[in-house]
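> Shown below is the structure under consideration.
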Amino acid sequence: MVEMTSRQRVLTALRHQEPDRVPVALGGGSYGIVDALYFKLLRRLGLGEPVAPFRSGHNITYMDDRLLERLGVDTRYVWPGDSPSSPQRAGRDDLTFFDGYGQEWKRSLPYYYPATGLLAQAESLDEIETRVNWPNPDDPRWTRGVADRARALGEDGRYFVVGRMVTSHGPFQTACNLRGTEAFLLDMAANPGFAHGLLERITLLMEGLMRRYLRASGPYLDMVELPGDDYAGNINLVMSPAMFRKFIRPMLERLVSTVKTFRPELKIMLHSDGAIQRLMPDLIEMGIDVVHPLEPLQAMDLASIKRQYGQQLSFLGAIDIVHALPGTPEDVILEAKRRIAELGAGGGYILAPANHLQHDVPAENVITLFEAARKFGKYPLQIEGY
C-alpha cells in the first residue's frame, strides 16, 4: 500500500476503513506528556531547548511539534489562547491558585485538586451567579493565537488537525469542582432544580467559548475535543444511565450541536475515563465520533466493545499507562500489539496513551511505543499470537 499522509491516514481510519497503518496520537487535552517526561525526551532525542510553554501553572505545559515529528505522531493541535480552567491568579502560596471561575485549587503532586467548592454552601439558584465569577466567553484572550496556528497547520495539509479542549473539564466535572462531587451527586437526586441550574450555567459558558474558538480556527480543523468529563470509576458508572440521560446528556448534546452547527463535517471527540461502556449507545445517538480513552480496565472488555460499537464509534487511546508503559520495553511492545489486535481491524482506531504520560514512564518506552505502532500496525494486520 502507498504510504499516506498523516491526515489521510487518520481520516481513513475514522471512516472505518483500513489506512496504510494504524494512526497514532499524542498531545491532546487528555493524552499529553507531563513536563518531567518531556524534558527526558528532549535529552534522549537531542532536541535541544524546550519550546515556549503554551500555558503556565500546570504540569503539562509544553506543546512541541519537533517531538511529535520525531515520534511519527499523526495529529497536531490548536490549543486555546487561555482557558477558565487554567490558573488566572496566584493563591496564598506556590501550592495554590485560582482559576477563571474564582475557584481555589491546591497542588498534590503532580496535579491539582479543587479546594472547598465555591458553591459548597449554596442553597439557592441565585447563588450560582453571585458566588461564581463567570468569565466572559467573548474575551479575546481565550482565542489568542488560535487563528494563526490553525491556518498554519491547515495550509500545511500533512497532519490531522485537532482543536484542543477549550476547558479541561466538561459540565459534570466542572459542577463537581464548584459544588463538591458528593454534594452534586446528591443534588442530582434530591435537589434537581439546583443541579439543572448549575449545569445550564456551565454549559452556557462552554457553548460561548466553543463558538468563539471555532470562529477563530476557521475551516482548518478536522476534529474538536469536547471538554473532558468523567462519568465512571474503574468498575462502573458513578451515576445511573437514567441520571446521565436526565442531567448530563442534554448538556453534551448542546456542545455537539455547537460544533455541528458551525461545520457539520467536523469530527467530535469525548474524553471520559473509566468503565463507560453502558453509555456507548448514548454517545452514538448524541453524535460523538471518537471516544478516548477506552481505558484498559478489568471491567472493560475492549475487544467486545469494538465488536459491538466499532462501526459507529472510533476509539482513540487504550494504551495502558499504569502498568505497561512504566515497565520494560517488552511490556510496551506487547501492549501495542494487544491493542492493535483488539481494536485495529477495519480501521476506527487511533493508538494513543489512555491518559497523560507520567514522569514514571522511561523516555525510551515512549519511543518504543511509537516504533511498535509503526511496525505492528501495518495493514493488513498480521500480529503473531493474536
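If you're wondering about the labels, chains in the C-alpha cells are A, B, ... by order shown, residues count from 1 in each chain, ligands from 1 in order shown.
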So that I can check the surroundings of Arg141 in chain A, please list as a VMD selection string every protein, DNA and RNA residue that reaches within 12 Å of it, counting only C-alpha atoms and ignoring chain neighbours fewer than 5 positions away.
chain A and resid 80 to 84 88 100 135 to 136 146 166 209 212 to 213 216
> Which is closest to Leu351 in chain A among A:Met63, A:Ala372, A:Leu205, A:Ile235, if we use only C-alpha atoms?
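Of the candidates, the smallest distance to Leu351 in chain A is held by A:Ala372.
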> Write out as a PDB file with N, CA and C atoms, in the first residue's frame the residues lying within 12 Å of Lys260 in chain A, counting only C-alpha atoms and excluding same-chain residues fewer than 2 positions away.

```
ATOM      1  N   MET A 210     -16.739  27.735  22.922  1.00  0.00           N
ATOM      2  CA  MET A 210     -16.551  26.911  21.732  1.00  0.00           C
ATOM      3  C   MET A 210     -16.902  27.673  20.466  1.00  0.00           C
ATOM      4  N   ARG A 211     -17.968  28.473  20.496  1.00  0.00           N
ATOM      5  CA  ARG A 211     -18.307  29.259  19.310  1.00  0.00           C
ATOM      6  C   ARG A 211     -17.189  30.225  18.941  1.00  0.00           C
ATOM      7  N   LEU A 214     -14.226  28.192  17.546  1.00  0.00           N
ATOM      8  CA  LEU A 214     -14.485  27.677  16.197  1.00  0.00           C
ATOM      9  C   LEU A 214     -14.415  28.785  15.155  1.00  0.00           C
ATOM     10  N   MET A 223     -11.013  17.833  13.688  1.00  0.00           N
ATOM     11  CA  MET A 223     -11.726  17.273  14.843  1.00  0.00           C
ATOM     12  C   MET A 223     -11.649  18.257  16.003  1.00  0.00           C
ATOM     13  N   VAL A 224     -12.652  18.224  16.841  1.00  0.00           N
ATOM     14  CA  VAL A 224     -12.715  19.060  18.037  1.00  0.00           C
ATOM     15  C   VAL A 224     -12.855  18.147  19.254  1.00  0.00           C
ATOM     16  N   GLU A 253     -25.269  17.287  24.382  1.00  0.00           N
ATOM     17  CA  GLU A 253     -25.908  17.466  23.078  1.00  0.00           C
ATOM     18  C   GLU A 253     -25.848  18.919  22.635  1.00  0.00           C
ATOM     19  N   ARG A 254     -25.922  19.839  23.564  1.00  0.00           N
ATOM     20  CA  ARG A 254     -25.789  21.256  23.195  1.00  0.00           C
ATOM     21  C   ARG A 254     -24.386  21.576  22.699  1.00  0.00           C
ATOM     22  N   LEU A 255     -23.365  20.980  23.324  1.00  0.00           N
ATOM     23  CA  LEU A 255     -21.994  21.213  22.865  1.00  0.00           C
ATOM     24  C   LEU A 255     -21.771  20.573  21.494  1.00  0.00           C
ATOM     25  N   VAL A 256     -22.306  19.370  21.300  1.00  0.00           N
ATOM     26  CA  VAL A 256     -22.211  18.731  19.983  1.00  0.00           C
ATOM     27  C   VAL A 256     -22.892  19.597  18.930  1.00  0.00           C
ATOM     28  N   SER A 257     -24.068  20.113  19.252  1.00  0.00           N
ATOM     29  CA  SER A 257     -24.803  20.964  18.308  1.00  0.00           C
ATOM     30  C   SER A 257     -24.022  22.229  17.967  1.00  0.00           C
ATOM     31  N   THR A 258     -23.309  22.781  18.954  1.00  0.00           N
ATOM     32  CA  THR A 258     -22.494  23.970  18.697  1.00  0.00           C
ATOM     33  C   THR A 258     -21.454  23.689  17.621  1.00  0.00           C
ATOM     34  N   PHE A 262     -21.621  24.811  13.370  1.00  0.00           N
ATOM     35  CA  PHE A 262     -20.525  25.563  12.746  1.00  0.00           C
ATOM     36  C   PHE A 262     -20.018  24.855  11.496  1.00  0.00           C
ATOM     37  N   ARG A 263     -19.701  23.562  11.636  1.00  0.00           N
ATOM     38  CA  ARG A 263     -19.227  22.765  10.497  1.00  0.00           C
ATOM     39  C   ARG A 263     -19.683  21.328  10.687  1.00  0.00           C
ATOM     40  N   PRO A 264     -20.717  20.908   9.961  1.00  0.00           N
ATOM     41  CA  PRO A 264     -21.305  19.577  10.179  1.00  0.00           C
ATOM     42  C   PRO A 264     -20.318  18.432   9.995  1.00  0.00           C
ATOM     43  N   GLU A 265     -19.292  18.620   9.176  1.00  0.00           N
ATOM     44  CA  GLU A 265     -18.363  17.523   8.887  1.00  0.00           C
ATOM     45  C   GLU A 265     -17.282  17.349   9.953  1.00  0.00           C
ATOM     46  N   LEU A 266     -17.183  18.278  10.911  1.00  0.00           N
ATOM     47  CA  LEU A 266     -16.157  18.178  11.936  1.00  0.00           C
ATOM     48  C   LEU A 266     -16.387  16.946  12.813  1.00  0.00           C
ATOM     49  N   LYS A 267     -15.334  16.182  13.036  1.00  0.00           N
ATOM     50  CA  LYS A 267     -15.404  15.068  13.960  1.00  0.00           C
ATOM     51  C   LYS A 267     -15.360  15.594  15.393  1.00  0.00           C
ATOM     52  N   ILE A 268     -16.005  14.850  16.304  1.00  0.00           N
ATOM     53  CA  ILE A 268     -16.090  15.263  17.695  1.00  0.00           C
ATOM     54  C   ILE A 268     -15.568  14.135  18.576  1.00  0.00           C
ATOM     55  N   MET A 286     -25.928  10.733  20.399  1.00  0.00           N
ATOM     56  CA  MET A 286     -25.628  12.158  20.549  1.00  0.00           C
ATOM     57  C   MET A 286     -24.787  12.712  19.411  1.00  0.00           C
ATOM     58  N   GLY A 287     -24.107  11.855  18.656  1.00  0.00           N
ATOM     59  CA  GLY A 287     -23.260  12.326  17.568  1.00  0.00           C
ATOM     60  C   GLY A 287     -21.793  12.390  17.895  1.00  0.00           C
ATOM     61  N   ILE A 288     -21.354  11.706  18.964  1.00  0.00           N
ATOM     62  CA  ILE A 288     -19.926  11.605  19.253  1.00  0.00           C
ATOM     63  C   ILE A 288     -19.293  10.672  18.218  1.00  0.00           C
ATOM     64  N   ASP A 289     -18.164  11.071  17.667  1.00  0.00           N
ATOM     65  CA  ASP A 289     -17.475  10.268  16.655  1.00  0.00           C
ATOM     66  C   ASP A 289     -16.342   9.432  17.234  1.00  0.00           C
TER      67      ASP A 289
END
```
> With DSSP run on the backbone, what are the helix (DSSP H, G or I) residues within range 3-115 of chain A? I'd like them as a list of chain:residue names.
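Of range 3-115 of chain A, the ones in helix (DSSP H, G or I) are A:Ser6, A:Arg7, A:Gln8, A:Arg9, A:Val10, A:Leu11, A:Thr12, A:Ala13, A:Leu14, A:Asp35, A:Ala36, A:Leu37, A:Tyr38, A:Phe39, A:Lys40, A:Leu41, A:Leu42, A:Arg43, A:Arg44, A:Leu45, A:Asp65, A:Arg66, A:Leu67, A:Leu68, A:Glu69, A:Arg70, A:Leu71.
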